[in-house]
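Chemist: Have a peek at final.txt (compact mmCIF, C-alpha atoms and all ligand atoms).
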```txt
# COMPACT_ATOMS: atom_id res chain seq x y z
CA MET L 1 -13.01 17.87 3.39
CA ALA L 2 -14.29 14.28 3.23
CA ARG L 3 -17.44 15.39 1.34
CA GLU L 4 -15.57 17.60 -1.17
CA THR L 5 -13.22 14.79 -2.11
CA ALA L 6 -15.67 11.86 -2.13
CA GLY L 7 -15.41 9.61 -5.15
CA ARG L 8 -11.68 9.99 -5.77
CA ILE L 9 -9.29 7.11 -6.43
CA VAL L 10 -5.59 7.38 -5.54
CA VAL L 11 -3.04 4.60 -6.02
CA LEU L 12 0.15 4.53 -3.93
CA LEU L 13 3.00 2.97 -5.85
CA GLY L 14 6.49 2.28 -4.55
CA ALA L 15 9.04 -0.28 -3.41
CA PRO L 16 8.71 -2.42 -0.28
CA GLY L 17 9.26 -0.37 2.87
CA VAL L 18 8.97 3.02 1.19
CA GLY L 19 5.99 3.96 3.41
CA LYS L 20 2.87 3.17 1.35
CA GLY L 21 1.04 1.71 4.34
CA THR L 22 2.11 4.46 6.75
CA GLN L 23 1.04 7.21 4.38
CA GLY L 24 -2.01 5.37 3.03
CA VAL L 25 -3.59 4.91 6.45
CA ARG L 26 -3.12 8.60 7.23
CA LEU L 27 -4.31 9.85 3.85
CA GLY L 28 -7.40 7.68 4.04
CA ARG L 29 -8.18 8.84 7.56
CA GLU L 30 -7.68 12.53 6.81
CA LEU L 31 -9.66 12.48 3.56
CA GLY L 32 -12.38 10.19 4.89
CA TRP L 33 -11.58 7.66 2.15
CA ALA L 34 -11.24 3.89 2.40
CA HIS L 35 -7.66 2.59 2.63
CA VAL L 36 -7.35 -0.69 0.73
CA SER L 37 -4.06 -2.50 1.33
CA THR L 38 -3.80 -5.86 -0.40
CA GLY L 39 -0.88 -6.80 1.87
CA ASP L 40 -3.12 -6.21 4.91
CA LEU L 41 -6.00 -8.16 3.31
CA LEU L 42 -3.68 -11.11 2.67
CA ARG L 43 -2.18 -10.98 6.17
CA ALA L 44 -5.71 -10.95 7.64
CA ALA L 45 -6.59 -14.01 5.54
CA LEU L 46 -3.42 -15.69 6.80
CA ARG L 47 -4.29 -14.94 10.43
CA ASP L 48 -7.83 -16.25 9.87
CA GLY L 49 -6.45 -19.42 8.28
CA THR L 50 -8.68 -19.12 5.19
CA SER L 51 -7.89 -21.06 2.02
CA LEU L 52 -6.84 -17.77 0.41
CA GLY L 53 -4.43 -17.13 3.29
CA LEU L 54 -2.94 -20.62 3.00
CA GLU L 55 -2.56 -20.26 -0.77
CA ALA L 56 -1.01 -16.78 -0.45
CA ARG L 57 1.42 -17.72 2.30
CA LYS L 58 3.87 -19.61 0.10
CA TYR L 59 4.23 -16.64 -2.24
CA MET L 60 4.45 -14.04 0.54
CA ASP L 61 7.03 -15.98 2.55
CA ALA L 62 9.16 -16.30 -0.59
CA GLY L 63 8.82 -12.59 -1.40
CA GLU L 64 7.00 -13.39 -4.65
CA LEU L 65 3.71 -11.93 -5.88
CA VAL L 66 0.45 -13.79 -5.32
CA PRO L 67 -1.00 -14.70 -8.77
CA ASP L 68 -2.92 -11.95 -10.53
CA GLY L 69 -6.20 -13.90 -10.74
CA VAL L 70 -6.30 -14.39 -6.97
CA MET L 71 -5.52 -10.73 -6.30
CA ILE L 72 -8.01 -9.37 -8.81
CA ASP L 73 -10.83 -11.49 -7.35
CA LEU L 74 -9.86 -10.42 -3.82
CA VAL L 75 -9.94 -6.71 -4.68
CA ARG L 76 -13.18 -7.00 -6.69
CA GLU L 77 -14.88 -8.68 -3.73
CA HIS L 78 -13.53 -6.07 -1.35
CA LEU L 79 -14.74 -3.18 -3.52
CA VAL L 80 -18.28 -4.55 -3.51
CA GLY L 81 -18.33 -4.07 0.27
CA LEU L 82 -17.37 -0.38 0.12
CA GLU L 83 -19.84 2.48 0.24
CA PRO L 84 -20.60 3.41 -3.42
CA GLY L 85 -18.70 6.47 -4.64
CA ARG L 86 -16.46 6.66 -1.57
CA GLY L 87 -12.88 7.76 -2.20
CA VAL L 88 -10.29 4.97 -2.08
CA VAL L 89 -6.56 4.95 -1.41
CA PHE L 90 -5.10 1.77 -2.93
CA ASP L 91 -1.88 0.58 -1.29
CA GLY L 92 0.01 -2.33 -2.87
CA PHE L 93 -2.54 -2.78 -5.67
CA PRO L 94 -2.21 -2.78 -8.60
CA ARG L 95 1.24 -4.31 -8.77
CA THR L 96 1.26 -5.66 -12.32
CA VAL L 97 0.00 -4.26 -15.61
CA GLN L 98 -2.65 -7.00 -15.65
CA GLN L 99 -3.90 -5.90 -12.21
CA ALA L 100 -3.95 -2.26 -13.37
CA GLU L 101 -6.06 -3.13 -16.39
CA ALA L 102 -8.45 -5.18 -14.24
CA LEU L 103 -8.78 -2.28 -11.80
CA ASP L 104 -9.56 0.11 -14.65
CA ARG L 105 -12.30 -2.23 -15.90
CA ALA L 106 -13.80 -2.71 -12.43
CA LEU L 107 -13.88 1.06 -11.80
CA ALA L 108 -15.23 1.83 -15.27
CA ARG L 109 -18.24 -0.38 -14.54
CA GLU L 110 -19.10 2.13 -11.78
CA GLY L 111 -18.31 5.13 -14.01
CA ARG L 112 -15.13 5.81 -12.10
CA ALA L 113 -11.40 5.90 -12.85
CA VAL L 114 -8.03 6.18 -11.13
CA GLY L 115 -7.47 9.89 -10.53
CA ALA L 116 -3.85 9.97 -9.42
CA VAL L 117 -0.95 7.58 -8.86
CA ALA L 118 1.59 8.73 -6.30
CA LEU L 119 5.01 7.14 -6.79
CA LEU L 120 6.81 7.17 -3.43
CA ASP L 121 10.54 7.08 -3.98
CA ALA L 122 13.48 6.55 -1.61
CA PRO L 123 16.97 4.98 -1.96
CA GLU L 124 17.36 1.26 -1.31
CA ALA L 125 19.49 1.78 1.83
CA VAL L 126 16.60 3.75 3.35
CA LEU L 127 14.14 0.96 2.49
CA PHE L 128 16.32 -1.68 4.20
CA LYS L 129 16.70 0.45 7.33
CA ARG L 130 12.95 1.08 7.52
CA ILE L 131 12.08 -2.58 6.97
CA SER L 132 14.63 -3.78 9.54
CA GLY L 133 13.00 -1.52 12.15
CA ARG L 134 9.39 -2.30 11.28
CA ARG L 135 7.19 -3.90 13.94
CA SER L 136 3.46 -4.49 13.43
CA SER L 137 0.52 -5.13 15.69
CA PRO L 138 -1.64 -8.18 14.87
CA GLY L 139 -4.35 -5.71 13.84
CA GLY L 140 -2.03 -4.08 11.29
CA ARG L 141 -0.80 -0.88 12.98
CA VAL L 142 2.78 -0.30 11.90
CA TYR L 143 5.60 1.07 14.05
CA ASN L 144 9.33 1.49 13.61
CA VAL L 145 11.85 0.95 16.36
CA TYR L 146 14.09 3.69 14.90
CA PHE L 147 11.62 6.21 13.47
CA ASP L 148 8.18 5.67 14.97
CA PRO L 149 8.43 3.61 18.16
CA PRO L 150 5.49 2.56 20.30
CA ARG L 151 5.16 4.18 23.73
CA ARG L 152 6.00 0.87 25.43
CA ASP L 153 8.78 -1.06 23.71
CA GLY L 154 7.39 -4.13 21.90
CA PHE L 155 3.67 -3.48 22.49
CA CYS L 156 0.91 -1.80 20.50
CA ASP L 157 -0.22 1.60 21.86
CA ASP L 158 -3.86 0.87 20.91
CA THR L 159 -4.36 -2.72 22.01
CA GLY L 160 -1.38 -3.56 24.24
CA GLU L 161 -0.74 -6.65 22.10
CA PRO L 162 2.87 -7.75 21.47
CA LEU L 163 4.32 -6.39 18.23
CA ILE L 164 5.56 -8.80 15.58
CA HIS L 165 8.33 -8.80 13.00
CA ARG L 166 6.85 -9.70 9.60
CA ALA L 167 7.97 -13.09 8.30
CA ASP L 168 8.80 -11.57 4.90
CA ASP L 169 11.03 -8.85 6.40
CA GLN L 170 14.15 -11.05 6.58
CA PRO L 171 16.95 -9.43 4.48
CA GLU L 172 17.07 -12.27 1.90
CA THR L 173 13.30 -12.08 1.32
CA VAL L 174 13.45 -8.29 1.15
CA ARG L 175 16.06 -8.58 -1.62
CA THR L 176 13.68 -10.83 -3.58
CA ARG L 177 10.77 -8.41 -3.01
CA LEU L 178 12.87 -5.50 -4.28
CA ALA L 179 13.88 -7.48 -7.38
CA VAL L 180 10.23 -8.43 -8.03
CA TYR L 181 9.25 -4.78 -7.62
CA GLN L 182 11.83 -3.67 -10.21
CA GLU L 183 10.93 -6.38 -12.68
CA VAL L 184 7.13 -6.61 -12.45
CA THR L 185 5.77 -3.53 -10.68
CA ALA L 186 8.07 -0.72 -11.88
CA PRO L 187 6.61 -1.00 -15.44
CA LEU L 188 3.44 0.50 -13.94
CA ILE L 189 5.32 3.80 -13.71
CA GLY L 190 5.21 4.11 -17.50
CA HIS L 191 1.68 2.73 -17.61
CA TYR L 192 0.40 5.56 -15.41
CA ASP L 193 2.81 8.27 -16.58
CA ALA L 194 1.59 8.04 -20.19
CA PRO L 195 -1.97 9.26 -19.43
CA GLY L 196 -0.58 11.92 -17.04
CA LEU L 197 -1.74 10.26 -13.81
CA LEU L 198 1.68 9.79 -12.18
CA VAL L 199 2.93 12.17 -9.51
CA ARG L 200 6.36 11.66 -7.95
CA VAL L 201 6.73 12.05 -4.21
CA ASP L 202 10.12 12.24 -2.51
CA ALA L 203 9.73 9.68 0.30
CA GLU L 204 13.18 10.04 1.87
CA GLY L 205 12.21 12.53 4.57
CA ASP L 206 10.51 11.82 7.87
CA ILE L 207 6.91 10.62 8.04
CA ASP L 208 5.42 14.13 8.34
CA GLN L 209 7.55 15.53 5.52
CA VAL L 210 6.53 12.71 3.19
CA TYR L 211 2.89 13.12 4.16
CA ALA L 212 3.02 16.86 3.36
CA ALA L 213 4.53 16.11 -0.07
CA LEU L 214 1.94 13.40 -0.74
CA GLN L 215 -0.93 15.61 0.33
CA ALA L 216 0.29 18.40 -1.98
CA ALA L 217 0.63 15.95 -4.88
CA VAL L 218 -2.87 14.56 -4.36
CA ALA L 219 -4.36 18.05 -4.03
CA GLU L 220 -2.71 19.06 -7.30
CA ALA L 221 -4.18 16.00 -8.99
CA HIS L 222 -7.76 16.76 -7.89
CA PRO L 223 -8.96 17.97 -11.29
CA ALA L 224 -7.81 14.70 -12.88
CA ALA L 225 -9.32 12.76 -10.00
CA ASP L 226 -12.75 14.13 -10.96
CA ALA L 227 -12.59 12.75 -14.46
CA ALA L 228 -14.86 9.82 -15.28
CA PRO L 229 -13.66 7.46 -18.04
CA GLY L 230 -14.01 9.08 -21.43
CA SER L 231 -14.69 12.56 -20.06
P1 LIG Q 301 2.73 -5.53 1.08
O1 LIG Q 301 2.29 -5.63 2.47
O2 LIG Q 301 2.01 -4.66 0.13
O3 LIG Q 301 4.28 -5.19 1.10
P2 LIG Q 301 5.19 -4.17 0.28
O4 LIG Q 301 4.64 -3.54 -0.95
O5 LIG Q 301 6.43 -4.94 0.09
O6 LIG Q 301 5.26 -2.96 1.18
P3 LIG Q 301 5.58 -2.95 2.68
O7 LIG Q 301 4.36 -3.29 3.45
O8 LIG Q 301 6.84 -3.75 2.96
O9 LIG Q 301 6.03 -1.45 2.88
P4 LIG Q 301 5.25 -0.09 2.84
O10 LIG Q 301 5.64 0.65 1.62
O11 LIG Q 301 3.79 -0.25 3.11
O12 LIG Q 301 5.98 0.60 4.07
P5 LIG Q 301 5.46 0.88 5.57
O13 LIG Q 301 4.49 2.00 5.55
O14 LIG Q 301 5.08 -0.38 6.26
O15 LIG Q 301 2.77 -6.98 0.41
C1 LIG Q 301 3.33 -8.09 1.08
C2 LIG Q 301 3.26 -9.31 0.17
O16 LIG Q 301 1.88 -9.61 -0.13
C3 LIG Q 301 3.92 -9.16 -1.20
O17 LIG Q 301 5.30 -9.44 -1.16
C4 LIG Q 301 3.14 -10.19 -2.03
O18 LIG Q 301 3.56 -11.50 -1.76
C5 LIG Q 301 1.72 -10.03 -1.49
N1 LIG Q 301 0.93 -9.01 -2.22
C6 LIG Q 301 0.39 -7.87 -1.71
N2 LIG Q 301 -0.27 -7.19 -2.65
C7 LIG Q 301 -0.15 -7.92 -3.79
C8 LIG Q 301 -0.61 -7.73 -5.11
N3 LIG Q 301 -1.31 -6.65 -5.47
N4 LIG Q 301 -0.30 -8.68 -6.04
C9 LIG Q 301 0.41 -9.78 -5.70
N5 LIG Q 301 0.87 -10.02 -4.47
C10 LIG Q 301 0.60 -9.09 -3.51
O19 LIG Q 301 6.82 1.46 6.19
C11 LIG Q 301 7.92 0.60 6.42
C12 LIG Q 301 8.56 0.94 7.78
O20 LIG Q 301 9.15 2.24 7.69
C13 LIG Q 301 7.55 1.04 8.94
O21 LIG Q 301 8.19 0.57 10.10
C14 LIG Q 301 7.24 2.54 9.07
O22 LIG Q 301 6.95 2.91 10.40
C15 LIG Q 301 8.55 3.16 8.61
N6 LIG Q 301 8.39 4.40 7.85
C16 LIG Q 301 7.47 4.67 6.90
N7 LIG Q 301 7.67 5.89 6.38
C17 LIG Q 301 8.76 6.41 7.03
C18 LIG Q 301 9.47 7.64 6.94
N8 LIG Q 301 9.11 8.60 6.06
N9 LIG Q 301 10.54 7.82 7.75
C19 LIG Q 301 10.92 6.86 8.62
N10 LIG Q 301 10.28 5.66 8.76
C20 LIG Q 301 9.21 5.44 7.97
```
Translate the structure of the given file into structure tokens.
Ligand code: AP5

Modeler:
Amino acid sequence: MARETAGRIVVLLGAPGVGKGTQGVRLGRELGWAHVSTGDLLRAALRDGTSLGLEARKYMDAGELVPDGVMIDLVREHLVGLEPGRGVVFDGFPRTVQQAEALDRALAREGRAVGAVALLDAPEAVLFKRISGRRSSPGGRVYNVYFDPPRRDGFCDDTGEPLIHRADDQPETVRTRLAVYQEVTAPLIGHYDAPGLLVRVDAEGDIDQVYAALQAAVAEAHPAADAAPGS
């Protein structure tokens, strides 16, 4: 399966807490694609205490977006390190029209293009419940105390490290993140719907149900995912 689908680009779009990371990790693993989460890249930079991490922290803690220029450079640098032609699942990027246009340009330079954009959708009450139960390992594995608990309460199954509650998961910050999503990121729905790249995925069910719907949507989009720019 990994060989058949090599070279594809899928973007996961959706509000905070809808399950982009949960589904993106699994989709990447099952397809043999890279999973590129800009939230994870920023949190790693924060943990490493890099200048990028320190710059990003003030925006993340406030629930605001990190400036486009910073994000575009970060993703461009990250893409250079990936195996050429490998499929990529983008999670949390692009998040603005400017980021989407920059991604298109970066991919076009390699003769590639976004093949499908999966919009994960769930009601706001579901998002709040999921975020309130989220616990993460320092390495980025995500659990949920209600829906996907670790085997030992409070500790990562893989590493045994204590799980943490993300600093930006406080209700007030979540409200800001949702407002920012509606104002700045939701316009991407039209941006990707116009060329026929958008597929809607009902993300209200349990993790397996959402994954099955996502997988079906991505499979249906395969012909488009083959298209190089201009073809
Ligand atoms: P980022 O980390 O991307 O946060 P987000 O988009 O707000 O998304 P989340 O990580 O909150 O949620 P998710 O959709 O991945 O859900 P998850 O799978 O964890 O970004 C954080 C910050 O970084 C931003 O606010 C911004 O400051 C900055 N940033 C990042 N990218 C940027 C960019 N491109 N430009 C500018 N700034 C950027 O699931 C949530 C919980 O629910 C988990 O506990 C999970 O176990 C559980 N769950 C998932 N699916 C289900 C299900 N179907 N049923 C039950 N539980 C479920």

Chemist: Looking at L:His165, L:Arg200, L:Arg95, L:Arg47, which one is nearest to ligand LIG 301 (chain Q), with distances taken over only C-alpha atoms and all ligand atoms?

Modeler: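 Result for the nearest residue to ligand LIG 301 (chain Q): L:Arg95.
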
Chemist: Could you list, as a PDB file with C-alpha atoms, in the coordinates of the input, all protein and nucleic acid residues with an atom at most 7 Å from ligand LIG 301 (chain Q), counting all atoms listed in the file?

Modeler:
```pdb
ATOM      1  CA  GLY L  14       6.490   2.280  -4.550  1.00  0.00           C
ATOM      2  CA  ALA L  15       9.040  -0.280  -3.410  1.00  0.00           C
ATOM      3  CA  PRO L  16       8.710  -2.420  -0.280  1.00  0.00           C
ATOM      4  CA  GLY L  17       9.260  -0.370   2.870  1.00  0.00           C
ATOM      5  CA  VAL L  18       8.970   3.020   1.190  1.00  0.00           C
ATOM      6  CA  GLY L  19       5.990   3.960   3.410  1.00  0.00           C
ATOM      7  CA  LYS L  20       2.870   3.170   1.350  1.00  0.00           C
ATOM      8  CA  GLY L  21       1.040   1.710   4.340  1.00  0.00           C
ATOM      9  CA  THR L  22       2.110   4.460   6.750  1.00  0.00           C
ATOM     10  CA  GLN L  23       1.040   7.210   4.380  1.00  0.00           C
ATOM     11  CA  SER L  37      -4.060  -2.500   1.330  1.00  0.00           C
ATOM     12  CA  THR L  38      -3.800  -5.860  -0.400  1.00  0.00           C
ATOM     13  CA  GLY L  39      -0.880  -6.800   1.870  1.00  0.00           C
ATOM     14  CA  ASP L  40      -3.120  -6.210   4.910  1.00  0.00           C
ATOM     15  CA  LEU L  42      -3.680 -11.110   2.670  1.00  0.00           C
ATOM     16  CA  TYR L  59       4.230 -16.640  -2.240  1.00  0.00           C
ATOM     17  CA  MET L  60       4.450 -14.040   0.540  1.00  0.00           C
ATOM     18  CA  GLY L  63       8.820 -12.590  -1.400  1.00  0.00           C
ATOM     19  CA  GLU L  64       7.000 -13.390  -4.650  1.00  0.00           C
ATOM     20  CA  LEU L  65       3.710 -11.930  -5.880  1.00  0.00           C
ATOM     21  CA  VAL L  66       0.450 -13.790  -5.320  1.00  0.00           C
ATOM     22  CA  PRO L  67      -1.000 -14.700  -8.770  1.00  0.00           C
ATOM     23  CA  ASP L  68      -2.920 -11.950 -10.530  1.00  0.00           C
ATOM     24  CA  MET L  71      -5.520 -10.730  -6.300  1.00  0.00           C
ATOM     25  CA  ASP L  91      -1.880   0.580  -1.290  1.00  0.00           C
ATOM     26  CA  GLY L  92       0.010  -2.330  -2.870  1.00  0.00           C
ATOM     27  CA  PHE L  93      -2.540  -2.780  -5.670  1.00  0.00           C
ATOM     28  CA  PRO L  94      -2.210  -2.780  -8.600  1.00  0.00           C
ATOM     29  CA  ARG L  95       1.240  -4.310  -8.770  1.00  0.00           C
ATOM     30  CA  ARG L 130      12.950   1.080   7.520  1.00  0.00           C
ATOM     31  CA  ILE L 131      12.080  -2.580   6.970  1.00  0.00           C
ATOM     32  CA  GLY L 133      13.000  -1.520  12.150  1.00  0.00           C
ATOM     33  CA  ARG L 134       9.390  -2.300  11.280  1.00  0.00           C
ATOM     34  CA  ARG L 135       7.190  -3.900  13.940  1.00  0.00           C
ATOM     35  CA  VAL L 142       2.780  -0.300  11.900  1.00  0.00           C
ATOM     36  CA  TYR L 143       5.600   1.070  14.050  1.00  0.00           C
ATOM     37  CA  ASN L 144       9.330   1.490  13.610  1.00  0.00           C
ATOM     38  CA  PHE L 147      11.620   6.210  13.470  1.00  0.00           C
ATOM     39  CA  ASP L 148       8.180   5.670  14.970  1.00  0.00           C
ATOM     40  CA  ARG L 177      10.770  -8.410  -3.010  1.00  0.00           C
ATOM     41  CA  ALA L 203       9.730   9.680   0.300  1.00  0.00           C
ATOM     42  CA  GLU L 204      13.180  10.040   1.870  1.00  0.00           C
ATOM     43  CA  GLY L 205      12.210  12.530   4.570  1.00  0.00           C
ATOM     44  CA  ASP L 206      10.510  11.820   7.870  1.00  0.00           C
ATOM     45  CA  ILE L 207       6.910  10.620   8.040  1.00  0.00           C
ATOM     46  CA  VAL L 210       6.530  12.710   3.190  1.00  0.00           C
TER      47      VAL L 210
END
```

Chemist: Quick check, in Å to one decimal: how far apart do atom CA of Ser136 of chain L and atom CA of Gly24 of chain L lie?

Modeler: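 These two atoms are separated by 15.3 Å.
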
Chemist: Have a look at atom CA of Arg175 of chain L and atom CA of Glu124 of chain L and let me know their distance in Å, one decimal.

Modeler: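 Here the two named atoms are 9.9 Å from each other.
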
Chemist: Select, from L:Asp168, L:Glu220, L:Glu30, L:Asp193, the residue with the minimum atom-to-atom distance to Gly87 of chain L, counting only C-alpha atoms.

Modeler: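 Using only C-alpha atoms, the shortest distance to Gly87 of chain L belongs to L:Glu30.
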
Chemist: With all atoms listed in the file as the counted atoms, please give the residues lying no more than 9 Å from Ile9 of chain L, apart from itself and same-chain residues fewer than 3 positions off, as a list in words.

Modeler: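 That gives Trp33, Arg86, Gly87, Val88, Val89, Phe90, Arg112, Ala113, Val114, Gly115, Ala116, Val117 and Ala225 of chain L.
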
Chemist: In terms of the shortest atom-to-atom distance over only C-alpha atoms, which of L:Ala118, L:Ala44, L:Ala213, L:Leu31 is closest to Ser137 of chain L?

Modeler: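 Checking each of L:Ala118, L:Ala44, L:Ala213, L:Leu31 against Ser137 of chain L, counting only C-alpha atoms, the winner is L:Ala44.
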
Chemist: Figure out the distance between atom CA of Val97 of chain L and atom CA of Ile189 of chain L, please, to one decimal in Å.

Modeler: 9.8 Å

Chemist: Nearest residue to Val11 of chain L out of L:Val80, L:Leu120, L:Ala216, L:Cys156, using only C-alpha atoms?

Modeler: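 Of all the options, L:Leu120 lies closest to Val11 of chain L.
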
Chemist: Rank L:Ser132, L:Asp121, L:Glu55, L:Leu41 by their smallest atom-to-atom distance to Glu172 of chain L, using all atoms listed in the file, and report the top residue only.

Modeler: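 Of L:Ser132, L:Asp121, L:Glu55, L:Leu41, the one nearest Glu172 of chain L, counting all atoms listed in the file, is L:Ser132.
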
Chemist: When you get a chance, write out N, CA and C atoms for segment 76-101 of chain L, as a PDB file, keeping the file's coordinate frame.

Modeler:
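Okay, this is what ended up in part.pdb:
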```
ATOM      1  N   ARG L  76     -11.798  -7.187  -6.191  1.00  0.00           N
ATOM      2  CA  ARG L  76     -13.180  -7.000  -6.690  1.00  0.00           C
ATOM      3  C   ARG L  76     -14.188  -7.249  -5.567  1.00  0.00           C
ATOM      4  N   GLU L  77     -13.965  -8.359  -4.837  1.00  0.00           N
ATOM      5  CA  GLU L  77     -14.880  -8.680  -3.730  1.00  0.00           C
ATOM      6  C   GLU L  77     -14.847  -7.600  -2.660  1.00  0.00           C
ATOM      7  N   HIS L  78     -13.661  -7.095  -2.384  1.00  0.00           N
ATOM      8  CA  HIS L  78     -13.530  -6.070  -1.350  1.00  0.00           C
ATOM      9  C   HIS L  78     -14.238  -4.778  -1.766  1.00  0.00           C
ATOM     10  N   LEU L  79     -14.128  -4.423  -3.045  1.00  0.00           N
ATOM     11  CA  LEU L  79     -14.740  -3.180  -3.520  1.00  0.00           C
ATOM     12  C   LEU L  79     -16.257  -3.228  -3.407  1.00  0.00           C
ATOM     13  N   VAL L  80     -16.819  -4.411  -3.603  1.00  0.00           N
ATOM     14  CA  VAL L  80     -18.280  -4.550  -3.510  1.00  0.00           C
ATOM     15  C   VAL L  80     -18.765  -4.135  -2.119  1.00  0.00           C
ATOM     16  N   GLY L  81     -17.932  -4.376  -1.104  1.00  0.00           N
ATOM     17  CA  GLY L  81     -18.330  -4.070   0.270  1.00  0.00           C
ATOM     18  C   GLY L  81     -18.184  -2.601   0.648  1.00  0.00           C
ATOM     19  N   LEU L  82     -17.598  -1.790  -0.238  1.00  0.00           N
ATOM     20  CA  LEU L  82     -17.370  -0.380   0.120  1.00  0.00           C
ATOM     21  C   LEU L  82     -18.593   0.466  -0.234  1.00  0.00           C
ATOM     22  N   GLU L  83     -18.754   1.535   0.500  1.00  0.00           N
ATOM     23  CA  GLU L  83     -19.840   2.480   0.240  1.00  0.00           C
ATOM     24  C   GLU L  83     -19.694   3.028  -1.202  1.00  0.00           C
ATOM     25  N   PRO L  84     -20.745   2.977  -2.029  1.00  0.00           N
ATOM     26  CA  PRO L  84     -20.600   3.410  -3.420  1.00  0.00           C
ATOM     27  C   PRO L  84     -20.119   4.865  -3.507  1.00  0.00           C
ATOM     28  N   GLY L  85     -19.173   5.107  -4.404  1.00  0.00           N
ATOM     29  CA  GLY L  85     -18.700   6.470  -4.640  1.00  0.00           C
ATOM     30  C   GLY L  85     -17.692   6.974  -3.623  1.00  0.00           C
ATOM     31  N   ARG L  86     -17.420   6.188  -2.569  1.00  0.00           N
ATOM     32  CA  ARG L  86     -16.460   6.660  -1.570  1.00  0.00           C
ATOM     33  C   ARG L  86     -15.048   6.697  -2.156  1.00  0.00           C
ATOM     34  N   GLY L  87     -14.265   7.689  -1.762  1.00  0.00           N
ATOM     35  CA  GLY L  87     -12.880   7.760  -2.200  1.00  0.00           C
ATOM     36  C   GLY L  87     -12.100   6.551  -1.695  1.00  0.00           C
ATOM     37  N   VAL L  88     -11.098   6.133  -2.462  1.00  0.00           N
ATOM     38  CA  VAL L  88     -10.290   4.970  -2.080  1.00  0.00           C
ATOM     39  C   VAL L  88      -8.810   5.284  -2.273  1.00  0.00           C
ATOM     40  N   VAL L  89      -8.021   4.938  -1.274  1.00  0.00           N
ATOM     41  CA  VAL L  89      -6.560   4.950  -1.410  1.00  0.00           C
ATOM     42  C   VAL L  89      -6.130   3.497  -1.552  1.00  0.00           C
ATOM     43  N   PHE L  90      -5.615   3.127  -2.728  1.00  0.00           N
ATOM     44  CA  PHE L  90      -5.100   1.770  -2.930  1.00  0.00           C
ATOM     45  C   PHE L  90      -3.627   1.740  -2.560  1.00  0.00           C
ATOM     46  N   ASP L  91      -3.256   0.727  -1.790  1.00  0.00           N
ATOM     47  CA  ASP L  91      -1.880   0.580  -1.290  1.00  0.00           C
ATOM     48  C   ASP L  91      -1.434  -0.854  -1.593  1.00  0.00           C
ATOM     49  N   GLY L  92      -0.492  -0.987  -2.529  1.00  0.00           N
ATOM     50  CA  GLY L  92       0.010  -2.330  -2.870  1.00  0.00           C
ATOM     51  C   GLY L  92      -0.801  -2.990  -3.973  1.00  0.00           C
ATOM     52  N   PHE L  93      -1.736  -2.303  -4.537  1.00  0.00           N
ATOM     53  CA  PHE L  93      -2.540  -2.780  -5.670  1.00  0.00           C
ATOM     54  C   PHE L  93      -2.888  -1.582  -6.530  1.00  0.00           C
ATOM     55  N   PRO L  94      -2.744  -1.642  -7.839  1.00  0.00           N
ATOM     56  CA  PRO L  94      -2.210  -2.780  -8.600  1.00  0.00           C
ATOM     57  C   PRO L  94      -0.687  -2.857  -8.514  1.00  0.00           C
ATOM     58  N   ARG L  95      -0.196  -4.048  -8.836  1.00  0.00           N
ATOM     59  CA  ARG L  95       1.240  -4.310  -8.770  1.00  0.00           C
ATOM     60  C   ARG L  95       1.768  -4.914 -10.075  1.00  0.00           C
ATOM     61  N   THR L  96       0.872  -5.175 -10.994  1.00  0.00           N
ATOM     62  CA  THR L  96       1.260  -5.660 -12.320  1.00  0.00           C
ATOM     63  C   THR L  96       0.373  -4.917 -13.326  1.00  0.00           C
ATOM     64  N   VAL L  97       0.816  -4.932 -14.584  1.00  0.00           N
ATOM     65  CA  VAL L  97       0.000  -4.260 -15.610  1.00  0.00           C
ATOM     66  C   VAL L  97      -1.355  -4.951 -15.705  1.00  0.00           C
ATOM     67  N   GLN L  98      -1.368  -6.279 -15.577  1.00  0.00           N
ATOM     68  CA  GLN L  98      -2.650  -7.000 -15.650  1.00  0.00           C
ATOM     69  C   GLN L  98      -3.608  -6.563 -14.523  1.00  0.00           C
ATOM     70  N   GLN L  99      -3.060  -6.379 -13.332  1.00  0.00           N
ATOM     71  CA  GLN L  99      -3.900  -5.900 -12.210  1.00  0.00           C
ATOM     72  C   GLN L  99      -4.397  -4.478 -12.498  1.00  0.00           C
ATOM     73  N   ALA L 100      -3.544  -3.652 -13.077  1.00  0.00           N
ATOM     74  CA  ALA L 100      -3.950  -2.260 -13.370  1.00  0.00           C
ATOM     75  C   ALA L 100      -5.098  -2.242 -14.369  1.00  0.00           C
ATOM     76  N   GLU L 101      -4.997  -3.100 -15.374  1.00  0.00           N
ATOM     77  CA  GLU L 101      -6.060  -3.130 -16.390  1.00  0.00           C
ATOM     78  C   GLU L 101      -7.362  -3.653 -15.780  1.00  0.00           C
TER      79      GLU L 101
END
```
